[in-house]
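Read the structure below first, then the notes.
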Amino acid sequence: MMKLFNTLTNQKETFVPLRPGEISMYVCGPTVYNYIHIGNARSTVAFDTVRRYFEYRGYNVKYVSNFTDVDDKIIRRANEEGLTPSEIADKYIEAFYADTDALNVKRATKNPRVVENMDDIIDFVADLVDKDYAYEADGDVYFRARQFDDYGKLSDQSIDDLRQGASERLEAGADTVKEDAVDFALWKKAKPDEISWDSPWGKGRPGWHIECSVMATKYLGDTIDIHGGGHDLTFPHHENEIAQSEAHTGQTFARYWMHNGFVTMGDDGEKMSKSLGNFILAHDLIAQVPPQVVRFFLASAHYRSPLKFSEANLEEARTNLERLQTTYQNLNYRYNDATDSLTADDDMLAKIADFEEKFVEAMDDDINTPNGLTIIYQLMREINVYIENDHVSKVVLDQMKATFTELVGIFGVTFEEEELLDDTIQALIDERIAARKAKDFERSDAIRDQLKVQGIILDDTAQGTRWRRSH
């Protein structure tokens, strides 16, 4: 029985989808004015891992994640680069796909863009005005937060406390436009020479929060199973999404709210963010570190926990990934002399099934990836012990390979198949094998060192010498 931590109730709950075998999932995507940083990538990878686990458990997941392509930051970047806002958005959407493809993130079922849904956004806002949940003020449209009885339920805050905080943040003169300091913008009046759309309230563009409500309900329905995003989006973004969505539809907006933890920098655990200037772009990191190492680093921590970015933690991810890759290659190597079946097959197959059952038990507890990885490492050790036997079974090797690759694949890891070596390197390996048989260990060691410089690592096993590439 799967349990998820629901931010809305602040506790783990048994997960029951709206429709048997199907999951509707909306995850807030990036504002496309720059390359994504590692904090953004962490959220993308975390929910990709969640999605992959749901699919492993047999669910058909409809996964929607938006692109915010209308925003003040996009307009500023367009002015800086001498491009239109649309050109800036196109540029960084392409960059997003390049980075996330490198991190082996599955493409969303749908990546809607704000500009493609403008009519729906205007209609949505107009309905809130008609229902008296929103009001126009000098070309802007605001949501009456106090009109929505449950405002503050996601972030567990009272509206009076929120009002006090909002009053402190108001710019000079803003309190004369809003009816209440806690009200938030649904539609913004256009500034001179700014991208805008015609609306019943004049030229303008959407507020930030409204776009996700519109696109989530449009592509997934009035009520969705899961809404996800970074912990920093809980308030005000997700709080406002709930208010405007439920005011519009009269239905529960999302049944389970999942929020991932921050990526932190330095010993003081400071959150990584562009506003603080302490960020590392995913684009730059994957140019220096193998993308699969970065992916494994991001996926290894529990999605709700903070993740400390450091060279040491990246190196640990690299080491563990190499252990997994080496085990896979060693397993493949044993097919060379495996038999069709052995009398002990049933016992070993039962052991493999038990590992998978324990993995499911771990991951069903709020997608506990660290505990799930612990089971994978235990399975890895079992594989390494088994393949050292004098005799191994193809049936067992097949099941080990299938289970191992499937479980590791949930973390976005794919195993590299050994490619053919060029004739020169293969000749050196053959020469070293002959040198070892002749007990010419000086020559054998010299060849090993020569190959190591070329990135070829030799492993001497009871079944012979095999090679692998260093990472």
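Chain labels A, B, ... are given in the sequence in which chains occur in the structure tokens; within each chain residues are numbered consecutively from 1, and ligands are likewise numbered from 1 in the order shown.
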
For stretch 87-129 of chain A versus stretch 239-244 of chain A, which residues have an atom no more than 12 Å away, and what is each residue's nearest atom pair and distance in Å rounded to one decimal, using only C-alpha atoms, chain-then-number order, as a tab-separated table?
residue	atom	partner	partner_atom	distance
A:Ile121	CA	A:Gln244	CA	11.7
A:Phe124	CA	A:Gln244	CA	9.1
A:Val125	CA	A:Gln244	CA	8.8
A:Ala126	CA	A:Gln244	CA	11.7
A:Asp127	CA	A:Gln244	CA	10.3
A:Leu128	CA	A:Gln244	CA	7.6
A:Val129	CA	A:Gln244	CA	10.8

Output C-alpha atoms for every residue in that selection, as a PDB file, in the first residue's frame.
ATOM      1  CA  ILE A 121      -6.764  32.304 -19.027  1.00  0.00           C
ATOM      2  CA  PHE A 124     -10.994  31.768 -16.311  1.00  0.00           C
ATOM      3  CA  VAL A 125     -10.365  35.247 -14.845  1.00  0.00           C
ATOM      4  CA  ALA A 126     -13.663  36.538 -16.228  1.00  0.00           C
ATOM      5  CA  ASP A 127     -15.519  33.700 -14.493  1.00  0.00           C
ATOM      6  CA  LEU A 128     -13.899  34.611 -11.164  1.00  0.00           C
ATOM      7  CA  VAL A 129     -14.991  38.233 -11.664  1.00  0.00           C
TER       8      VAL A 129
END

Show me, as an NGL selection string, the residues that have an atom within 7 Å of A:Lys110 when counting only C-alpha atoms, minus same-chain residues fewer than 3 positions from it.
:A and (63-65)

Which residues are close to A:Leu314, i.e. within 12 Å by only C-alpha atoms, leaving aside same-chain residues fewer than 6 positions away? Reply as a VMD selection string.
chain A and resid 285 to 286 288 to 300 307 to 308 320 to 321

Counting only C-alpha atoms, the residue of A:Asn336, A:Lys189, A:Arg436, A:Asn34 that sits nearest A:Arg448
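The closest residue to A:Arg448 is A:Arg436.
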
Between atom CA of A:Phe15 and atom CA of A:Asp222, distance in Å (one decimal):
18.8 Å

Mind checking which residues fall within 9 Å of A:Glu416, counting only C-alpha atoms, ignoring those fewer than 4 positions away in the same chain, and posting them as a ChimeraX atom specification?
/A:325,328-329

Considering only alpha helix (DSSP H) as DSSP defines it on the backbone, what residues of stretch 188-413 of chain A qualify? List them as a ChimeraX atom specification.
/A:208-220,239-249,282-288,291-300,311-333,345-363,369-386,394-409

For A:Asn332: contacts at 10 Å, only C-alpha atoms, fewer than 4 positions along chain excluded, given as a list in words:
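These residues fall inside the cut-off: Thr326, Thr327, Tyr328, Asn336, Ile387, Leu397, Asp398, Lys401, Glu417 and Glu418 of chain A.
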
Residue neighbourhood A:Thr252, 12 Å, only C-alpha atoms, exclusion window fewer than 5 positions, as a list in words
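Answer for this query is Leu8, Leu18, Asp150, Thr217, Gly221, Asp222, Thr223, Ile224, Asp225, Ile226, His227, Glu241, Ile242, Ala243, Gln244, Ser245, Glu246, Ala247 and Trp257 of chain A.
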
Return the single residue from A:Tyr135, A:Phe47, A:Tyr33, A:Tyr335 that is closest to A:Glu81, with distances computed using only C-alpha atoms.
A:Tyr33

Residues of stretch 130-224 of chain A within 10 Å of stretch 111-114 of chain A: nearest atom pair and distance (Å, one decimal) for each, counting only C-alpha atoms, sorted by chain and number, as JSON lines?
{"residue": "A:Arg205", "atom": "CA", "partner": "A:Val114", "partner_atom": "CA", "distance": 9.9}
{"residue": "A:Pro206", "atom": "CA", "partner": "A:Val114", "partner_atom": "CA", "distance": 8.6}
{"residue": "A:Trp208", "atom": "CA", "partner": "A:Val114", "partner_atom": "CA", "distance": 9.8}
{"residue": "A:Ile210", "atom": "CA", "partner": "A:Val114", "partner_atom": "CA", "distance": 9.8}
{"residue": "A:Glu211", "atom": "CA", "partner": "A:Val114", "partner_atom": "CA", "distance": 6.4}
{"residue": "A:Cys212", "atom": "CA", "partner": "A:Val114", "partner_atom": "CA", "distance": 8.7}
{"residue": "A:Val214", "atom": "CA", "partner": "A:Val114", "partner_atom": "CA", "distance": 9.3}
{"residue": "A:Met215", "atom": "CA", "partner": "A:Pro112", "partner_atom": "CA", "distance": 7.0}
{"residue": "A:Ala216", "atom": "CA", "partner": "A:Pro112", "partner_atom": "CA", "distance": 9.4}
{"residue": "A:Tyr219", "atom": "CA", "partner": "A:Pro112", "partner_atom": "CA", "distance": 8.8}

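Residues with any atom within 10 Å of stretch 138-140 of chain A, counting only C-alpha atoms and excluding same-chain neighbours fewer than 4 positions away, are Val177, Lys178, Ala185, Leu186, Trp187, Lys188, Lys189, Ala190, Ser199, Pro200, Trp201, Gly202, Lys203, Gly204, Arg205, Pro206 and Gly207 of chain A.
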
Those same residues, written as a short mmCIF file (atom, residue, chain, number, x, y, z; two decimals), in the first residue's frame with N, CA, C and O atoms?
data_model
loop_
_atom_site.label_atom_id
_atom_site.label_comp_id
_atom_site.auth_asym_id
_atom_site.auth_seq_id
_atom_site.Cartn_x
_atom_site.Cartn_y
_atom_site.Cartn_z
N VAL A 177 -4.98 50.52 -4.43
CA VAL A 177 -5.54 49.79 -5.57
C VAL A 177 -6.26 48.54 -5.10
O VAL A 177 -7.39 48.25 -5.50
N LYS A 178 -5.63 47.80 -4.21
CA LYS A 178 -6.22 46.55 -3.71
C LYS A 178 -7.27 46.84 -2.64
O LYS A 178 -7.15 47.78 -1.86
N ALA A 185 -2.79 39.30 -7.77
CA ALA A 185 -3.11 39.66 -9.16
C ALA A 185 -3.44 38.43 -10.01
O ALA A 185 -2.70 37.44 -10.01
N LEU A 186 -4.52 38.54 -10.75
CA LEU A 186 -4.88 37.56 -11.77
C LEU A 186 -4.53 38.08 -13.16
O LEU A 186 -4.21 37.30 -14.06
N TRP A 187 -4.62 39.38 -13.32
CA TRP A 187 -4.36 40.03 -14.61
C TRP A 187 -3.66 41.37 -14.34
O TRP A 187 -4.05 42.10 -13.43
N LYS A 188 -2.62 41.66 -15.12
CA LYS A 188 -1.84 42.87 -14.91
C LYS A 188 -1.99 43.81 -16.10
O LYS A 188 -1.82 43.39 -17.25
N LYS A 189 -2.27 45.05 -15.79
CA LYS A 189 -2.39 46.07 -16.82
C LYS A 189 -1.05 46.23 -17.54
O LYS A 189 0.01 46.24 -16.92
N ALA A 190 -1.10 46.34 -18.85
CA ALA A 190 0.13 46.44 -19.65
C ALA A 190 0.84 47.75 -19.40
O ALA A 190 0.22 48.81 -19.26
N SER A 199 -8.19 42.23 -23.44
CA SER A 199 -9.04 41.54 -22.47
C SER A 199 -10.22 42.44 -22.12
O SER A 199 -10.22 43.63 -22.49
N PRO A 200 -11.22 41.94 -21.41
CA PRO A 200 -12.34 42.80 -20.99
C PRO A 200 -11.90 43.95 -20.10
O PRO A 200 -12.66 44.91 -19.91
N TRP A 201 -10.68 43.89 -19.54
CA TRP A 201 -10.19 44.92 -18.61
C TRP A 201 -9.11 45.80 -19.26
O TRP A 201 -8.42 46.55 -18.58
N GLY A 202 -8.96 45.66 -20.57
CA GLY A 202 -7.94 46.39 -21.29
C GLY A 202 -6.74 45.52 -21.60
O GLY A 202 -6.71 44.33 -21.29
N LYS A 203 -5.77 46.12 -22.25
CA LYS A 203 -4.57 45.35 -22.61
C LYS A 203 -3.78 44.97 -21.34
O LYS A 203 -3.65 45.78 -20.42
N GLY A 204 -3.27 43.76 -21.35
CA GLY A 204 -2.51 43.30 -20.19
C GLY A 204 -1.98 41.89 -20.40
O GLY A 204 -1.95 41.38 -21.53
N ARG A 205 -1.56 41.27 -19.32
CA ARG A 205 -1.05 39.89 -19.36
C ARG A 205 -1.37 39.21 -18.03
O ARG A 205 -1.67 39.89 -17.04
N PRO A 206 -1.28 37.89 -17.99
CA PRO A 206 -1.70 37.17 -16.78
C PRO A 206 -0.76 37.40 -15.60
O PRO A 206 0.43 37.67 -15.77
N GLY A 207 -1.31 37.25 -14.40
CA GLY A 207 -0.50 37.12 -13.21
C GLY A 207 0.16 35.75 -13.22
O GLY A 207 -0.24 34.85 -13.97
#

Enter the distance from atom CA of A:Phe309 to atom CA of A:Thr264, in Å, rounded to one decimal.
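Pair atom CA of A:Phe309 / atom CA of A:Thr264 returns 6.0 Å.
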
Here is a test: counting only C-alpha atoms, which residue of A:Ile457, A:Ile93, A:Leu451, A:Ala446 is nearest to A:Ala427?
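Answer, going by the shortest atom-to-atom distance: A:Leu451.
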
Running DSSP on the backbone, which parts of stretch 4-155 of chain A land in strand (DSSP E or B), as a compact mmCIF listing (two decimals) with all heavy atoms, in the first residue's frame?
# COMPACT_ATOMS: atom_id res chain seq x y z
N LEU A 4 1.95 8.59 0.55
CA LEU A 4 2.60 9.83 0.14
C LEU A 4 2.42 10.87 1.23
O LEU A 4 1.35 10.95 1.85
CB LEU A 4 2.01 10.36 -1.17
CG LEU A 4 2.15 9.50 -2.42
CD1 LEU A 4 1.44 10.18 -3.59
CD2 LEU A 4 3.60 9.22 -2.76
N PHE A 5 3.47 11.68 1.44
CA PHE A 5 3.34 12.80 2.36
C PHE A 5 2.60 13.91 1.64
O PHE A 5 3.05 14.41 0.61
CB PHE A 5 4.71 13.30 2.83
CG PHE A 5 4.60 14.38 3.88
CD1 PHE A 5 4.54 14.05 5.22
CD2 PHE A 5 4.54 15.72 3.51
CE1 PHE A 5 4.42 15.04 6.19
CE2 PHE A 5 4.43 16.71 4.47
CZ PHE A 5 4.36 16.36 5.82
N ASN A 6 1.46 14.31 2.20
CA ASN A 6 0.61 15.33 1.59
C ASN A 6 0.83 16.65 2.34
O ASN A 6 0.50 16.76 3.53
CB ASN A 6 -0.86 14.90 1.69
CG ASN A 6 -1.78 15.79 0.87
OD1 ASN A 6 -1.38 16.86 0.39
ND2 ASN A 6 -3.03 15.36 0.73
N GLN A 11 0.88 15.17 6.62
CA GLN A 11 1.08 13.79 7.08
C GLN A 11 1.09 12.84 5.88
O GLN A 11 0.67 13.20 4.78
CB GLN A 11 -0.03 13.39 8.05
CG GLN A 11 -1.42 13.37 7.43
CD GLN A 11 -2.52 13.05 8.44
OE1 GLN A 11 -2.26 12.93 9.63
NE2 GLN A 11 -3.75 12.90 7.98
N LYS A 12 1.60 11.64 6.14
CA LYS A 12 1.55 10.61 5.10
C LYS A 12 0.13 10.06 5.00
O LYS A 12 -0.53 9.82 6.01
CB LYS A 12 2.51 9.46 5.43
CG LYS A 12 3.98 9.82 5.32
CD LYS A 12 4.85 8.62 5.65
CE LYS A 12 6.32 9.01 5.67
NZ LYS A 12 7.19 7.86 6.04
N GLU A 13 -0.30 9.86 3.75
CA GLU A 13 -1.63 9.33 3.50
C GLU A 13 -1.53 8.18 2.51
O GLU A 13 -0.65 8.17 1.64
CB GLU A 13 -2.54 10.41 2.92
CG GLU A 13 -2.78 11.59 3.82
CD GLU A 13 -3.68 12.63 3.16
OE1 GLU A 13 -4.14 12.39 2.02
OE2 GLU A 13 -3.92 13.67 3.79
N THR A 14 -2.43 7.23 2.63
CA THR A 14 -2.51 6.15 1.65
C THR A 14 -2.91 6.76 0.30
O THR A 14 -3.87 7.53 0.21
CB THR A 14 -3.55 5.10 2.07
OG1 THR A 14 -3.16 4.55 3.33
CG2 THR A 14 -3.65 4.00 1.03
N ARG A 19 -8.82 7.56 -10.58
CA ARG A 19 -9.24 6.51 -11.51
C ARG A 19 -8.26 5.34 -11.38
O ARG A 19 -7.04 5.55 -11.47
CB ARG A 19 -9.24 7.02 -12.96
CG ARG A 19 -10.35 8.04 -13.22
CD ARG A 19 -10.17 8.75 -14.55
NE ARG A 19 -9.03 9.65 -14.49
CZ ARG A 19 -9.08 10.88 -13.97
NH1 ARG A 19 -10.21 11.35 -13.47
NH2 ARG A 19 -8.01 11.65 -13.95
N GLU A 22 -4.69 4.90 -13.22
CA GLU A 22 -4.30 6.14 -13.88
C GLU A 22 -3.93 7.21 -12.85
O GLU A 22 -4.54 7.27 -11.78
CB GLU A 22 -5.44 6.67 -14.76
CG GLU A 22 -5.84 5.74 -15.89
CD GLU A 22 -6.96 6.32 -16.74
OE1 GLU A 22 -7.29 7.52 -16.56
OE2 GLU A 22 -7.52 5.59 -17.57
N ILE A 23 -2.96 8.04 -13.21
CA ILE A 23 -2.56 9.14 -12.33
C ILE A 23 -2.44 10.41 -13.15
O ILE A 23 -1.79 10.42 -14.20
CB ILE A 23 -1.21 8.85 -11.64
CG1 ILE A 23 -1.34 7.67 -10.67
CG2 ILE A 23 -0.71 10.08 -10.88
CD1 ILE A 23 -0.03 7.25 -10.04
N SER A 24 -3.09 11.47 -12.68
CA SER A 24 -2.93 12.80 -13.30
C SER A 24 -1.99 13.60 -12.40
O SER A 24 -2.22 13.73 -11.20
CB SER A 24 -4.28 13.50 -13.44
OG SER A 24 -4.97 13.54 -12.20
N MET A 25 -0.94 14.15 -13.00
CA MET A 25 0.13 14.77 -12.23
C MET A 25 0.56 16.07 -12.90
O MET A 25 0.90 16.09 -14.08
CB MET A 25 1.31 13.79 -12.15
CG MET A 25 2.41 14.15 -11.19
SD MET A 25 3.54 12.72 -11.03
CE MET A 25 4.78 13.43 -9.96
N TYR A 26 0.52 17.16 -12.13
CA TYR A 26 0.94 18.46 -12.64
C TYR A 26 2.12 18.94 -11.80
O TYR A 26 2.06 18.95 -10.57
CB TYR A 26 -0.19 19.48 -12.56
CG TYR A 26 0.14 20.82 -13.18
CD1 TYR A 26 -0.14 21.07 -14.52
CD2 TYR A 26 0.73 21.83 -12.43
CE1 TYR A 26 0.17 22.30 -15.10
CE2 TYR A 26 1.04 23.06 -12.99
CZ TYR A 26 0.76 23.28 -14.32
OH TYR A 26 1.07 24.50 -14.89
N VAL A 27 3.20 19.34 -12.47
CA VAL A 27 4.39 19.84 -11.79
C VAL A 27 4.76 21.19 -12.38
O VAL A 27 4.88 21.32 -13.61
CB VAL A 27 5.58 18.86 -11.92
CG1 VAL A 27 6.83 19.43 -11.28
CG2 VAL A 27 5.23 17.51 -11.30
N THR A 31 10.37 29.17 -15.44
CA THR A 31 10.20 30.43 -16.17
C THR A 31 11.39 30.54 -17.11
O THR A 31 12.53 30.56 -16.66
CB THR A 31 10.17 31.63 -15.20
OG1 THR A 31 9.08 31.45 -14.29
CG2 THR A 31 10.00 32.92 -15.96
N HIS A 37 19.13 26.13 -13.19
CA HIS A 37 20.23 25.83 -12.28
C HIS A 37 19.98 24.47 -11.62
O HIS A 37 18.94 23.82 -11.85
CB HIS A 37 20.45 26.95 -11.26
CG HIS A 37 19.31 27.23 -10.34
ND1 HIS A 37 18.79 26.31 -9.46
CD2 HIS A 37 18.58 28.37 -10.13
CE1 HIS A 37 17.82 26.84 -8.75
NE2 HIS A 37 17.65 28.09 -9.15
N ASN A 60 -0.63 4.28 -15.45
CA ASN A 60 -0.51 5.12 -16.63
C ASN A 60 -0.52 6.57 -16.14
O ASN A 60 -1.53 7.05 -15.63
CB ASN A 60 -1.67 4.86 -17.59
CG ASN A 60 -1.65 5.78 -18.79
OD1 ASN A 60 -0.59 6.25 -19.21
ND2 ASN A 60 -2.82 6.08 -19.33
N VAL A 61 0.63 7.24 -16.25
CA VAL A 61 0.77 8.58 -15.69
C VAL A 61 0.63 9.64 -16.78
O VAL A 61 1.38 9.63 -17.76
CB VAL A 61 2.13 8.76 -14.99
CG1 VAL A 61 2.24 10.16 -14.39
CG2 VAL A 61 2.31 7.70 -13.90
N LYS A 62 -0.34 10.52 -16.61
CA LYS A 62 -0.47 11.68 -17.49
C LYS A 62 0.22 12.83 -16.77
O LYS A 62 -0.25 13.32 -15.74
CB LYS A 62 -1.93 12.00 -17.77
CG LYS A 62 -2.11 13.06 -18.88
CD LYS A 62 -3.57 13.20 -19.27
CE LYS A 62 -3.72 14.20 -20.43
NZ LYS A 62 -5.15 14.38 -20.79
N TYR A 63 1.35 13.27 -17.32
CA TYR A 63 2.26 14.19 -16.63
C TYR A 63 2.33 15.50 -17.39
O TYR A 63 2.77 15.55 -18.54
CB TYR A 63 3.64 13.53 -16.55
CG TYR A 63 4.68 14.24 -15.72
CD1 TYR A 63 4.93 13.83 -14.42
CD2 TYR A 63 5.43 15.28 -16.24
CE1 TYR A 63 5.90 14.45 -13.65
CE2 TYR A 63 6.41 15.91 -15.49
CZ TYR A 63 6.64 15.49 -14.19
OH TYR A 63 7.60 16.10 -13.43
N VAL A 64 1.88 16.57 -16.75
CA VAL A 64 1.86 17.89 -17.38
C VAL A 64 2.76 18.83 -16.58
O VAL A 64 2.68 18.89 -15.35
CB VAL A 64 0.42 18.46 -17.45
CG1 VAL A 64 0.43 19.88 -17.99
CG2 VAL A 64 -0.46 17.56 -18.31
N SER A 65 3.63 19.54 -17.29
CA SER A 65 4.50 20.52 -16.66
C SER A 65 4.61 21.72 -17.59
O SER A 65 4.94 21.57 -18.76
CB SER A 65 5.89 19.92 -16.38
OG SER A 65 6.71 20.81 -15.66
N PHE A 67 5.54 25.65 -19.14
CA PHE A 67 6.59 26.64 -19.35
C PHE A 67 5.96 28.02 -19.14
O PHE A 67 4.99 28.37 -19.81
CB PHE A 67 7.17 26.59 -20.76
CG PHE A 67 8.01 25.38 -21.04
CD1 PHE A 67 7.73 24.57 -22.13
CD2 PHE A 67 9.09 25.06 -20.23
CE1 PHE A 67 8.51 23.46 -22.41
CE2 PHE A 67 9.87 23.94 -20.49
CZ PHE A 67 9.59 23.14 -21.59
N THR A 68 6.50 28.80 -18.20
CA THR A 68 6.08 30.19 -18.05
C THR A 68 6.86 31.01 -19.07
O THR A 68 8.06 31.23 -18.90
CB THR A 68 6.34 30.70 -16.62
OG1 THR A 68 5.53 29.96 -15.71
CG2 THR A 68 6.00 32.18 -16.50
N LYS A 110 2.63 16.58 -21.68
CA LYS A 110 2.32 17.88 -22.27
C LYS A 110 3.12 18.95 -21.55
O LYS A 110 3.19 18.96 -20.32
CB LYS A 110 0.82 18.17 -22.15
CG LYS A 110 0.36 19.51 -22.72
CD LYS A 110 0.32 19.49 -24.23
CE LYS A 110 -0.24 20.79 -24.80
NZ LYS A 110 -0.23 20.80 -26.29
N ARG A 113 2.36 26.08 -22.85
CA ARG A 113 2.94 27.42 -22.70
C ARG A 113 1.83 28.43 -22.46
O ARG A 113 0.71 28.29 -22.97
CB ARG A 113 3.74 27.80 -23.95
CG ARG A 113 4.93 26.91 -24.21
CD ARG A 113 5.62 27.20 -25.52
NE ARG A 113 6.12 28.56 -25.61
CZ ARG A 113 7.03 28.96 -26.51
NH1 ARG A 113 7.54 28.07 -27.37
NH2 ARG A 113 7.43 30.21 -26.55
N ALA A 134 -13.26 37.94 -7.76
CA ALA A 134 -12.22 38.83 -8.27
C ALA A 134 -12.82 40.17 -8.67
O ALA A 134 -14.04 40.29 -8.89
CB ALA A 134 -11.53 38.18 -9.47
N TYR A 135 -11.97 41.18 -8.77
CA TYR A 135 -12.44 42.52 -9.09
C TYR A 135 -11.38 43.24 -9.92
O TYR A 135 -10.18 42.96 -9.82
CB TYR A 135 -12.75 43.32 -7.82
CG TYR A 135 -11.56 43.47 -6.90
CD1 TYR A 135 -10.72 44.58 -6.95
CD2 TYR A 135 -11.27 42.48 -5.96
CE1 TYR A 135 -9.64 44.71 -6.10
CE2 TYR A 135 -10.19 42.59 -5.10
CZ TYR A 135 -9.37 43.71 -5.17
OH TYR A 135 -8.29 43.82 -4.34
N GLU A 136 -11.86 44.16 -10.75
CA GLU A 136 -10.97 44.96 -11.59
C GLU A 136 -10.66 46.27 -10.88
O GLU A 136 -11.52 46.87 -10.23
CB GLU A 136 -11.65 45.23 -12.93
CG GLU A 136 -10.75 45.93 -13.95
CD GLU A 136 -10.92 47.45 -13.94
OE1 GLU A 136 -11.95 47.92 -13.40
OE2 GLU A 136 -10.02 48.15 -14.45
N ALA A 137 -9.39 46.71 -10.96
CA ALA A 137 -8.98 47.97 -10.37
C ALA A 137 -7.97 48.63 -11.29
O ALA A 137 -6.81 48.21 -11.37
CB ALA A 137 -8.36 47.73 -8.98
N ASP A 140 -6.04 46.34 -13.67
CA ASP A 140 -5.58 45.11 -13.03
C ASP A 140 -6.80 44.33 -12.53
O ASP A 140 -7.86 44.91 -12.27
CB ASP A 140 -4.68 45.41 -11.82
CG ASP A 140 -3.37 46.09 -12.22
OD1 ASP A 140 -2.89 45.82 -13.34
OD2 ASP A 140 -2.84 46.87 -11.41
N VAL A 141 -6.63 43.02 -12.37
CA VAL A 141 -7.68 42.19 -11.77
C VAL A 141 -7.06 41.44 -10.61
O VAL A 141 -6.01 40.80 -10.75
CB VAL A 141 -8.29 41.20 -12.79
CG1 VAL A 141 -9.38 40.36 -12.11
CG2 VAL A 141 -8.86 41.93 -13.99
N TYR A 142 -7.73 41.52 -9.44
CA TYR A 142 -7.23 40.88 -8.23
C TYR A 142 -8.22 39.84 -7.71
O TYR A 142 -9.44 39.99 -7.86
CB TYR A 142 -6.98 41.91 -7.13
CG TYR A 142 -5.88 42.89 -7.44
CD1 TYR A 142 -6.18 44.14 -7.99
CD2 TYR A 142 -4.56 42.56 -7.22
CE1 TYR A 142 -5.17 45.05 -8.29
CE2 TYR A 142 -3.53 43.46 -7.52
CZ TYR A 142 -3.85 44.69 -8.05
OH TYR A 142 -2.84 45.58 -8.36
N PHE A 143 -7.67 38.81 -7.07
CA PHE A 143 -8.50 37.78 -6.43
C PHE A 143 -8.76 38.19 -4.99
O PHE A 143 -7.83 38.59 -4.26
CB PHE A 143 -7.78 36.43 -6.46
CG PHE A 143 -8.60 35.30 -5.92
CD1 PHE A 143 -9.45 34.58 -6.75
CD2 PHE A 143 -8.54 34.95 -4.57
CE1 PHE A 143 -10.22 33.53 -6.25
CE2 PHE A 143 -9.30 33.91 -4.06
CZ PHE A 143 -10.15 33.20 -4.90
